[in-house]
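Shown below: my_file24.cif, with mmCIF, N, CA, C and O atoms.
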data_run
#
loop_
_atom_site.label_atom_id
_atom_site.label_comp_id
_atom_site.auth_asym_id
_atom_site.auth_seq_id
_atom_site.Cartn_x
_atom_site.Cartn_y
_atom_site.Cartn_z
N MET H 3 -236.21 36.02 -81.98
CA MET H 3 -235.45 36.55 -80.88
C MET H 3 -234.03 36.00 -80.95
O MET H 3 -233.84 34.82 -81.23
N HIS H 4 -233.06 36.84 -80.67
CA HIS H 4 -231.68 36.39 -80.49
C HIS H 4 -231.35 36.68 -79.03
O HIS H 4 -231.44 37.82 -78.58
N TYR H 5 -230.99 35.63 -78.30
CA TYR H 5 -230.77 35.75 -76.86
C TYR H 5 -229.47 35.04 -76.51
O TYR H 5 -229.27 33.88 -76.84
N TYR H 6 -228.56 35.76 -75.88
CA TYR H 6 -227.30 35.17 -75.46
C TYR H 6 -226.99 35.65 -74.06
O TYR H 6 -227.49 36.68 -73.61
N GLY H 7 -226.19 34.90 -73.36
CA GLY H 7 -225.85 35.30 -72.01
C GLY H 7 -224.80 34.40 -71.40
O GLY H 7 -224.35 33.43 -72.01
N VAL H 8 -224.44 34.75 -70.19
CA VAL H 8 -223.45 33.98 -69.43
C VAL H 8 -223.83 34.03 -67.96
O VAL H 8 -224.32 35.05 -67.47
N ILE H 9 -223.64 32.93 -67.30
CA ILE H 9 -223.79 32.86 -65.85
C ILE H 9 -222.44 32.45 -65.29
O ILE H 9 -221.83 31.48 -65.75
N THR H 10 -221.97 33.19 -64.30
CA THR H 10 -220.74 32.85 -63.58
C THR H 10 -221.14 32.43 -62.18
O THR H 10 -221.79 33.22 -61.46
N LEU H 11 -220.79 31.22 -61.79
CA LEU H 11 -221.14 30.76 -60.45
C LEU H 11 -220.32 31.51 -59.40
O LEU H 11 -219.12 31.73 -59.56
N GLY H 12 -220.99 31.91 -58.34
CA GLY H 12 -220.35 32.62 -57.24
C GLY H 12 -220.22 31.72 -56.02
O GLY H 12 -220.54 30.53 -56.06
N SER H 13 -219.81 32.31 -54.91
CA SER H 13 -219.56 31.53 -53.70
C SER H 13 -220.84 30.98 -53.08
O SER H 13 -220.79 30.00 -52.32
N THR H 14 -222.00 31.54 -53.40
CA THR H 14 -223.26 31.02 -52.86
C THR H 14 -224.07 30.28 -53.92
O THR H 14 -225.20 29.88 -53.67
N SER H 15 -223.50 30.11 -55.13
CA SER H 15 -224.19 29.39 -56.21
C SER H 15 -224.04 27.89 -56.03
O SER H 15 -223.06 27.42 -55.47
N SER H 16 -225.04 27.17 -56.54
CA SER H 16 -224.94 25.71 -56.55
C SER H 16 -225.74 25.15 -57.71
O SER H 16 -226.70 25.76 -58.16
N VAL H 17 -225.31 24.02 -58.20
CA VAL H 17 -226.04 23.29 -59.24
C VAL H 17 -226.41 21.96 -58.63
O VAL H 17 -225.55 21.23 -58.13
N SER H 18 -227.70 21.65 -58.62
CA SER H 18 -228.11 20.40 -58.00
C SER H 18 -228.82 19.46 -58.97
O SER H 18 -229.10 18.32 -58.63
N GLY H 19 -229.10 19.92 -60.16
CA GLY H 19 -229.81 19.07 -61.11
C GLY H 19 -229.81 19.69 -62.49
O GLY H 19 -228.90 20.43 -62.86
N GLN H 20 -230.85 19.40 -63.24
CA GLN H 20 -230.99 19.92 -64.59
C GLN H 20 -231.09 21.44 -64.55
O GLN H 20 -231.86 22.00 -63.80
N MET H 21 -230.30 22.11 -65.40
CA MET H 21 -230.32 23.57 -65.46
C MET H 21 -231.21 24.06 -66.58
O MET H 21 -231.12 23.57 -67.71
N ASP H 22 -232.05 25.03 -66.27
CA ASP H 22 -232.87 25.74 -67.24
C ASP H 22 -232.64 27.23 -67.05
O ASP H 22 -232.33 27.67 -65.94
N VAL H 23 -232.80 28.00 -68.13
CA VAL H 23 -232.69 29.45 -68.08
C VAL H 23 -233.99 30.02 -68.61
O VAL H 23 -234.51 29.55 -69.63
N ARG H 24 -234.50 31.02 -67.95
CA ARG H 24 -235.75 31.64 -68.37
C ARG H 24 -235.51 32.45 -69.65
O ARG H 24 -234.55 33.21 -69.73
N LEU H 25 -236.39 32.28 -70.63
CA LEU H 25 -236.32 33.06 -71.87
C LEU H 25 -236.91 34.44 -71.61
O LEU H 25 -237.87 34.57 -70.85
N PRO H 26 -236.37 35.50 -72.24
CA PRO H 26 -236.89 36.84 -72.00
C PRO H 26 -238.28 37.06 -72.61
O PRO H 26 -239.04 37.89 -72.14
N VAL H 27 -238.59 36.33 -73.68
CA VAL H 27 -239.88 36.39 -74.35
C VAL H 27 -240.33 34.96 -74.59
O VAL H 27 -239.52 34.11 -74.99
N ASP H 28 -241.61 34.67 -74.36
CA ASP H 28 -242.11 33.32 -74.60
C ASP H 28 -241.83 32.88 -76.03
O ASP H 28 -241.89 33.69 -76.96
N ALA H 29 -241.56 31.59 -76.19
CA ALA H 29 -241.37 31.01 -77.52
C ALA H 29 -242.73 30.75 -78.15
O ALA H 29 -243.70 30.45 -77.46
N ALA H 30 -242.78 30.88 -79.46
CA ALA H 30 -244.02 30.63 -80.20
C ALA H 30 -244.46 29.19 -80.02
O ALA H 30 -243.63 28.28 -79.90
N SER H 31 -245.76 28.96 -80.02
CA SER H 31 -246.29 27.61 -79.83
C SER H 31 -245.97 26.70 -81.00
O SER H 31 -246.04 25.48 -80.87
N THR H 32 -245.59 27.27 -82.15
CA THR H 32 -245.22 26.44 -83.30
C THR H 32 -243.90 25.72 -83.07
O THR H 32 -243.59 24.76 -83.77
N LEU H 33 -243.13 26.18 -82.11
CA LEU H 33 -241.86 25.54 -81.78
C LEU H 33 -242.14 24.45 -80.75
O LEU H 33 -242.59 24.73 -79.64
N GLY H 34 -241.93 23.21 -81.12
CA GLY H 34 -242.24 22.10 -80.24
C GLY H 34 -241.33 22.02 -79.03
O GLY H 34 -240.22 22.56 -79.02
N ASP H 35 -241.80 21.35 -77.98
CA ASP H 35 -240.99 21.15 -76.79
C ASP H 35 -239.74 20.34 -77.14
O ASP H 35 -239.78 19.44 -77.97
N PHE H 36 -238.66 20.67 -76.50
CA PHE H 36 -237.36 20.04 -76.68
C PHE H 36 -236.82 20.18 -78.10
O PHE H 36 -236.15 19.31 -78.61
N SER H 37 -237.13 21.33 -78.71
CA SER H 37 -236.56 21.68 -80.02
C SER H 37 -235.23 22.38 -79.78
O SER H 37 -235.13 23.24 -78.90
N PRO H 38 -234.19 22.06 -80.56
CA PRO H 38 -232.92 22.77 -80.40
C PRO H 38 -233.07 24.21 -80.89
O PRO H 38 -233.61 24.45 -81.97
N ILE H 39 -232.61 25.16 -80.09
CA ILE H 39 -232.72 26.57 -80.48
C ILE H 39 -231.37 27.29 -80.44
O ILE H 39 -231.30 28.48 -80.71
N GLY H 40 -230.30 26.58 -80.08
CA GLY H 40 -229.00 27.23 -80.06
C GLY H 40 -227.92 26.37 -79.43
O GLY H 40 -228.08 25.16 -79.28
N THR H 41 -226.85 27.05 -79.05
CA THR H 41 -225.70 26.35 -78.49
C THR H 41 -225.42 26.79 -77.06
O THR H 41 -225.82 27.87 -76.64
N VAL H 42 -224.70 25.92 -76.36
CA VAL H 42 -224.30 26.17 -74.98
C VAL H 42 -222.84 25.73 -74.84
O VAL H 42 -222.42 24.77 -75.49
N ASN H 43 -222.10 26.44 -74.02
CA ASN H 43 -220.77 26.00 -73.62
C ASN H 43 -220.68 26.08 -72.12
O ASN H 43 -221.06 27.09 -71.51
N LEU H 44 -220.20 25.00 -71.51
CA LEU H 44 -220.01 24.94 -70.07
C LEU H 44 -218.51 24.95 -69.83
O LEU H 44 -217.78 24.21 -70.49
N ARG H 45 -218.04 25.77 -68.89
CA ARG H 45 -216.59 25.86 -68.66
C ARG H 45 -216.26 25.54 -67.21
O ARG H 45 -216.75 26.18 -66.28
N ASP H 46 -215.41 24.53 -67.04
CA ASP H 46 -214.84 24.19 -65.74
C ASP H 46 -213.56 25.01 -65.61
O ASP H 46 -212.56 24.70 -66.26
N THR H 47 -213.59 26.08 -64.82
CA THR H 47 -212.44 26.98 -64.76
C THR H 47 -211.24 26.35 -64.06
O THR H 47 -210.11 26.72 -64.35
N SER H 48 -211.47 25.39 -63.16
CA SER H 48 -210.33 24.80 -62.45
C SER H 48 -209.43 24.00 -63.38
O SER H 48 -208.22 23.93 -63.18
N SER H 49 -210.01 23.40 -64.44
CA SER H 49 -209.20 22.65 -65.40
C SER H 49 -209.13 23.35 -66.76
O SER H 49 -208.52 22.83 -67.69
N ASN H 50 -209.79 24.53 -66.86
CA ASN H 50 -209.86 25.28 -68.11
C ASN H 50 -210.35 24.40 -69.27
O ASN H 50 -209.81 24.41 -70.35
N THR H 51 -211.41 23.65 -68.98
CA THR H 51 -212.00 22.73 -69.95
C THR H 51 -213.39 23.22 -70.34
O THR H 51 -214.19 23.59 -69.47
N TYR H 52 -213.68 23.21 -71.65
CA TYR H 52 -214.99 23.58 -72.16
C TYR H 52 -215.77 22.33 -72.57
O TYR H 52 -215.19 21.40 -73.13
N TYR H 53 -217.06 22.34 -72.32
CA TYR H 53 -217.95 21.25 -72.71
C TYR H 53 -219.03 21.83 -73.62
O TYR H 53 -219.84 22.64 -73.18
N PRO H 54 -219.04 21.45 -74.91
CA PRO H 54 -220.05 21.97 -75.83
C PRO H 54 -221.40 21.34 -75.56
O PRO H 54 -221.50 20.22 -75.07
N GLY H 55 -222.44 22.09 -75.90
CA GLY H 55 -223.77 21.56 -75.68
C GLY H 55 -224.81 22.23 -76.54
O GLY H 55 -224.51 22.99 -77.46
N LEU H 56 -226.05 21.95 -76.21
CA LEU H 56 -227.21 22.43 -76.94
C LEU H 56 -228.13 23.19 -76.01
O LEU H 56 -228.21 22.89 -74.82
N ALA H 57 -228.82 24.15 -76.56
CA ALA H 57 -229.90 24.82 -75.84
C ALA H 57 -231.20 24.35 -76.47
O ALA H 57 -231.40 24.52 -77.67
N TRP H 58 -232.04 23.74 -75.68
CA TRP H 58 -233.34 23.25 -76.16
C TRP H 58 -234.45 24.07 -75.54
O TRP H 58 -234.34 24.50 -74.38
N LYS H 59 -235.51 24.26 -76.27
CA LYS H 59 -236.70 24.85 -75.68
C LYS H 59 -237.30 23.77 -74.78
O LYS H 59 -237.63 22.68 -75.23
N ALA H 60 -237.37 24.06 -73.51
CA ALA H 60 -237.90 23.08 -72.56
C ALA H 60 -239.41 23.04 -72.66
O ALA H 60 -240.04 23.88 -73.31
N ASP H 61 -240.02 22.07 -71.99
CA ASP H 61 -241.48 21.99 -71.99
C ASP H 61 -242.04 23.27 -71.40
O ASP H 61 -241.60 23.75 -70.38
N GLY H 62 -243.00 23.84 -72.08
CA GLY H 62 -243.49 25.17 -71.72
C GLY H 62 -242.84 26.20 -72.61
O GLY H 62 -241.91 25.91 -73.36
N ALA H 63 -243.29 27.42 -72.55
CA ALA H 63 -242.86 28.44 -73.51
C ALA H 63 -241.73 29.33 -73.01
O ALA H 63 -241.19 30.10 -73.77
N GLN H 64 -241.37 29.25 -71.73
CA GLN H 64 -240.48 30.27 -71.18
C GLN H 64 -239.10 29.79 -70.76
O GLN H 64 -238.38 30.53 -70.11
N ARG H 65 -238.70 28.58 -71.10
CA ARG H 65 -237.41 28.10 -70.59
C ARG H 65 -236.57 27.49 -71.70
O ARG H 65 -237.09 26.86 -72.61
N LEU H 66 -235.26 27.69 -71.59
CA LEU H 66 -234.35 26.92 -72.42
C LEU H 66 -233.61 25.96 -71.50
O LEU H 66 -233.31 26.28 -70.35
N ARG H 67 -233.42 24.77 -71.96
CA ARG H 67 -232.78 23.72 -71.19
C ARG H 67 -231.33 23.59 -71.61
O ARG H 67 -231.02 23.55 -72.79
N ILE H 68 -230.43 23.55 -70.63
CA ILE H 68 -229.00 23.41 -70.86
C ILE H 68 -228.67 21.92 -70.96
O ILE H 68 -228.84 21.17 -70.00
N ILE H 69 -228.22 21.50 -72.13
CA ILE H 69 -227.88 20.10 -72.39
C ILE H 69 -226.46 20.08 -72.94
O ILE H 69 -226.10 20.90 -73.78
N PHE H 70 -225.64 19.17 -72.47
CA PHE H 70 -224.29 19.09 -73.03
C PHE H 70 -224.15 17.80 -73.82
O PHE H 70 -224.97 16.89 -73.72
N THR H 71 -223.13 17.74 -74.63
CA THR H 71 -222.90 16.61 -75.50
C THR H 71 -221.94 15.64 -74.83
O THR H 71 -220.80 15.99 -74.54
N ALA H 72 -222.41 14.43 -74.56
CA ALA H 72 -221.59 13.42 -73.90
C ALA H 72 -221.11 12.40 -74.92
O ALA H 72 -221.86 12.01 -75.82
N ALA H 73 -219.87 11.99 -74.81
CA ALA H 73 -219.31 10.97 -75.69
C ALA H 73 -219.37 9.63 -74.98
O ALA H 73 -218.87 9.49 -73.87
N GLY H 74 -220.02 8.69 -75.58
CA GLY H 74 -220.10 7.36 -75.01
C GLY H 74 -220.48 6.38 -76.10
O GLY H 74 -221.46 6.59 -76.81
N GLY H 75 -219.72 5.35 -76.25
CA GLY H 75 -220.02 4.40 -77.32
C GLY H 75 -219.64 4.99 -78.67
O GLY H 75 -218.71 5.76 -78.80
N THR H 76 -220.42 4.68 -79.68
CA THR H 76 -220.12 5.09 -81.04
C THR H 76 -220.55 6.52 -81.33
O THR H 76 -219.91 7.21 -82.11
N TYR H 77 -221.62 7.00 -80.70
CA TYR H 77 -222.19 8.30 -81.01
C TYR H 77 -222.25 9.18 -79.77
O TYR H 77 -222.31 8.68 -78.65
N SER H 78 -222.27 10.48 -80.00
CA SER H 78 -222.47 11.40 -78.87
C SER H 78 -223.96 11.47 -78.55
O SER H 78 -224.80 11.21 -79.40
N THR H 79 -224.26 11.80 -77.31
CA THR H 79 -225.65 11.91 -76.87
C THR H 79 -225.86 13.23 -76.16
O THR H 79 -224.93 13.83 -75.63
N ALA H 80 -227.10 13.69 -76.14
CA ALA H 80 -227.47 14.89 -75.40
C ALA H 80 -227.82 14.46 -73.99
O ALA H 80 -228.66 13.59 -73.78
N THR H 81 -227.16 15.06 -73.00
CA THR H 81 -227.30 14.65 -71.61
C THR H 81 -227.57 15.86 -70.74
O THR H 81 -227.00 16.93 -70.96
N GLY H 82 -228.40 15.68 -69.73
CA GLY H 82 -228.71 16.76 -68.80
C GLY H 82 -227.59 16.99 -67.80
O GLY H 82 -226.66 16.21 -67.67
N THR H 83 -227.69 18.10 -67.11
CA THR H 83 -226.70 18.46 -66.10
C THR H 83 -227.11 17.96 -64.72
O THR H 83 -228.27 17.63 -64.48
N SER H 84 -226.14 17.91 -63.81
CA SER H 84 -226.41 17.62 -62.40
C SER H 84 -225.30 18.26 -61.58
O SER H 84 -224.45 18.97 -62.13
N SER H 85 -225.25 18.00 -60.31
CA SER H 85 -224.22 18.60 -59.46
C SER H 85 -222.82 18.12 -59.83
O SER H 85 -221.83 18.79 -59.53
N THR H 86 -222.72 16.97 -60.50
CA THR H 86 -221.40 16.43 -60.87
C THR H 86 -221.26 16.15 -62.36
O THR H 86 -220.26 15.59 -62.79
N VAL H 87 -222.26 16.50 -63.15
CA VAL H 87 -222.24 16.23 -64.59
C VAL H 87 -222.40 17.55 -65.34
O VAL H 87 -223.35 18.29 -65.06
N PRO H 88 -221.52 17.92 -66.25
CA PRO H 88 -220.40 17.14 -66.76
C PRO H 88 -219.14 17.24 -65.90
O PRO H 88 -218.13 16.61 -66.19
N PHE H 89 -219.19 18.05 -64.84
CA PHE H 89 -218.07 18.15 -63.88
C PHE H 89 -218.67 18.62 -62.56
O PHE H 89 -219.85 18.98 -62.49
N THR H 90 -217.90 18.62 -61.51
CA THR H 90 -218.38 19.14 -60.23
C THR H 90 -218.26 20.66 -60.26
O THR H 90 -217.18 21.20 -60.41
N TRP H 91 -219.41 21.32 -60.16
CA TRP H 91 -219.48 22.77 -60.30
C TRP H 91 -218.84 23.48 -59.12
O TRP H 91 -218.95 23.03 -57.98
N ALA H 92 -218.16 24.60 -59.39
CA ALA H 92 -217.47 25.35 -58.35
C ALA H 92 -217.51 26.84 -58.69
O ALA H 92 -217.94 27.24 -59.77
N VAL H 93 -217.02 27.66 -57.76
CA VAL H 93 -216.95 29.10 -57.95
C VAL H 93 -216.20 29.42 -59.24
O VAL H 93 -215.19 28.79 -59.54
N SER H 94 -216.71 30.36 -60.00
CA SER H 94 -216.14 30.88 -61.25
C SER H 94 -216.41 30.01 -62.46
O SER H 94 -216.02 30.37 -63.58
N ASP H 95 -217.06 28.85 -62.32
CA ASP H 95 -217.44 28.07 -63.50
C ASP H 95 -218.47 28.88 -64.29
O ASP H 95 -219.20 29.70 -63.73
N LEU H 96 -218.51 28.63 -65.60
CA LEU H 96 -219.31 29.46 -66.50
C LEU H 96 -220.28 28.65 -67.34
O LEU H 96 -219.99 27.52 -67.73
N ILE H 97 -221.41 29.27 -67.65
CA ILE H 97 -222.42 28.72 -68.56
C ILE H 97 -222.70 29.81 -69.60
O ILE H 97 -223.14 30.90 -69.24
N PHE H 98 -222.41 29.54 -70.87
CA PHE H 98 -222.66 30.47 -71.96
C PHE H 98 -223.78 29.90 -72.84
O PHE H 98 -223.81 28.71 -73.08
N TRP H 99 -224.66 30.75 -73.36
CA TRP H 99 -225.64 30.29 -74.34
C TRP H 99 -225.83 31.35 -75.41
O TRP H 99 -225.62 32.53 -75.20
N ASP H 100 -226.23 30.89 -76.59
CA ASP H 100 -226.51 31.74 -77.74
C ASP H 100 -227.64 31.06 -78.51
O ASP H 100 -227.42 29.99 -79.10
N VAL H 101 -228.84 31.64 -78.47
CA VAL H 101 -230.00 30.99 -79.06
C VAL H 101 -230.78 31.95 -79.96
O VAL H 101 -230.68 33.17 -79.82
N GLU H 102 -231.53 31.36 -80.88
CA GLU H 102 -232.47 32.11 -81.71
C GLU H 102 -233.77 31.33 -81.76
O GLU H 102 -233.76 30.10 -81.92
N TYR H 103 -234.87 32.04 -81.61
CA TYR H 103 -236.17 31.38 -81.64
C TYR H 103 -237.24 32.40 -82.00
O TYR H 103 -237.02 33.61 -81.93
N GLU H 104 -238.41 31.88 -82.40
CA GLU H 104 -239.54 32.75 -82.70
C GLU H 104 -240.28 33.06 -81.42
O GLU H 104 -240.68 32.15 -80.69
N GLY H 105 -240.44 34.33 -81.13
CA GLY H 105 -241.17 34.73 -79.93
C GLY H 105 -242.64 35.01 -80.24
O GLY H 105 -243.05 35.05 -81.39
N VAL H 106 -243.43 35.20 -79.17
CA VAL H 106 -244.85 35.54 -79.36
C VAL H 106 -245.09 36.99 -79.00
O VAL H 106 -244.36 37.60 -78.30
#

I'd like the structure from this file rewritten - as structure tokens, please.
Amino acid sequence: MHYYGVITLGSTSSVSGQMDVRLPVDAASTLGDFSPIGTVNLRDTSSNTYYPGLAWKADGAQRLRIIFTAAGGTYSTATGTSSTVPFTWAVSDLIFWDVEYEGV
């Protein structure tokens, strides 16, 4: 499956924790949980800043997990989202993903 999309936050949208997106077709069981299946970009429109990240198959067959790449120390790490990480989410902020995985 090739699955890509974008979410634009609106005036009634909110982010309160880890973000997951439902996959249109279940992932094959041969794909382990928390396997990388693509890329993500998070955009803070107020500062016009992009944050690169990873799309992981979350636990279970129907979700991809939005993870961004945080710089800290010597190496970058994969970090989950929250209401203030990687930035404070607001109207018009964007979440882009582009993934490929084996469906069932």

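What the PyMOL selection byres ((chain H and resi 41) around 8) matches in the given file is Tyr5, Tyr6, Gly7, Pro38, Ile39, Gly40, Val42, Asn43, Leu44, Tyr53, Pro54, Gly55, Leu56, Ala57, Trp58, Arg67, Ile68, Ile69, Ile97, Phe98, Trp99, Asp100, Val101 and Glu102 of chain H.
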
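Minimum atom-to-atom distance to Asp28 in chain H, evaluated using all atoms listed in the file, belongs to H:Gln64 out of H:Thr14, H:Thr51, H:Thr90, H:Gln64.
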
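Here CA of Ser15 in chain H is placed at a distance of 27.4 Å from CA of Ala29 in chain H.
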
Neighbouring residues of Ser13 in chain H were defined as those with any atom within 8 Å, considering all atoms listed in the file; residues of the same chain fewer than 5 positions away were excluded. Please report them as a tab-separated table (two decimals) with N, CA, C and O atoms, in the coordinates of the input.
chain	number	residue	atom	x	y	z
H	92	ALA	N	-218.16	24.60	-59.39
H	92	ALA	CA	-217.47	25.35	-58.35
H	92	ALA	C	-217.51	26.84	-58.69
H	92	ALA	O	-217.94	27.24	-59.77
H	93	VAL	N	-217.02	27.66	-57.76
H	93	VAL	CA	-216.95	29.10	-57.95
H	93	VAL	C	-216.20	29.42	-59.24
H	93	VAL	O	-215.19	28.79	-59.54
H	94	SER	N	-216.71	30.36	-60.00
H	94	SER	CA	-216.14	30.88	-61.25
H	94	SER	C	-216.41	30.01	-62.46
H	94	SER	O	-216.02	30.37	-63.58

As a check of understanding, name the residues that the PyMOL selection byres (((chain H and resi 95 and name CA) around 7) and name CA) selects in the supplied structure, as number ranges by chain.
H: 10-11, 45-47, 91-94, 96
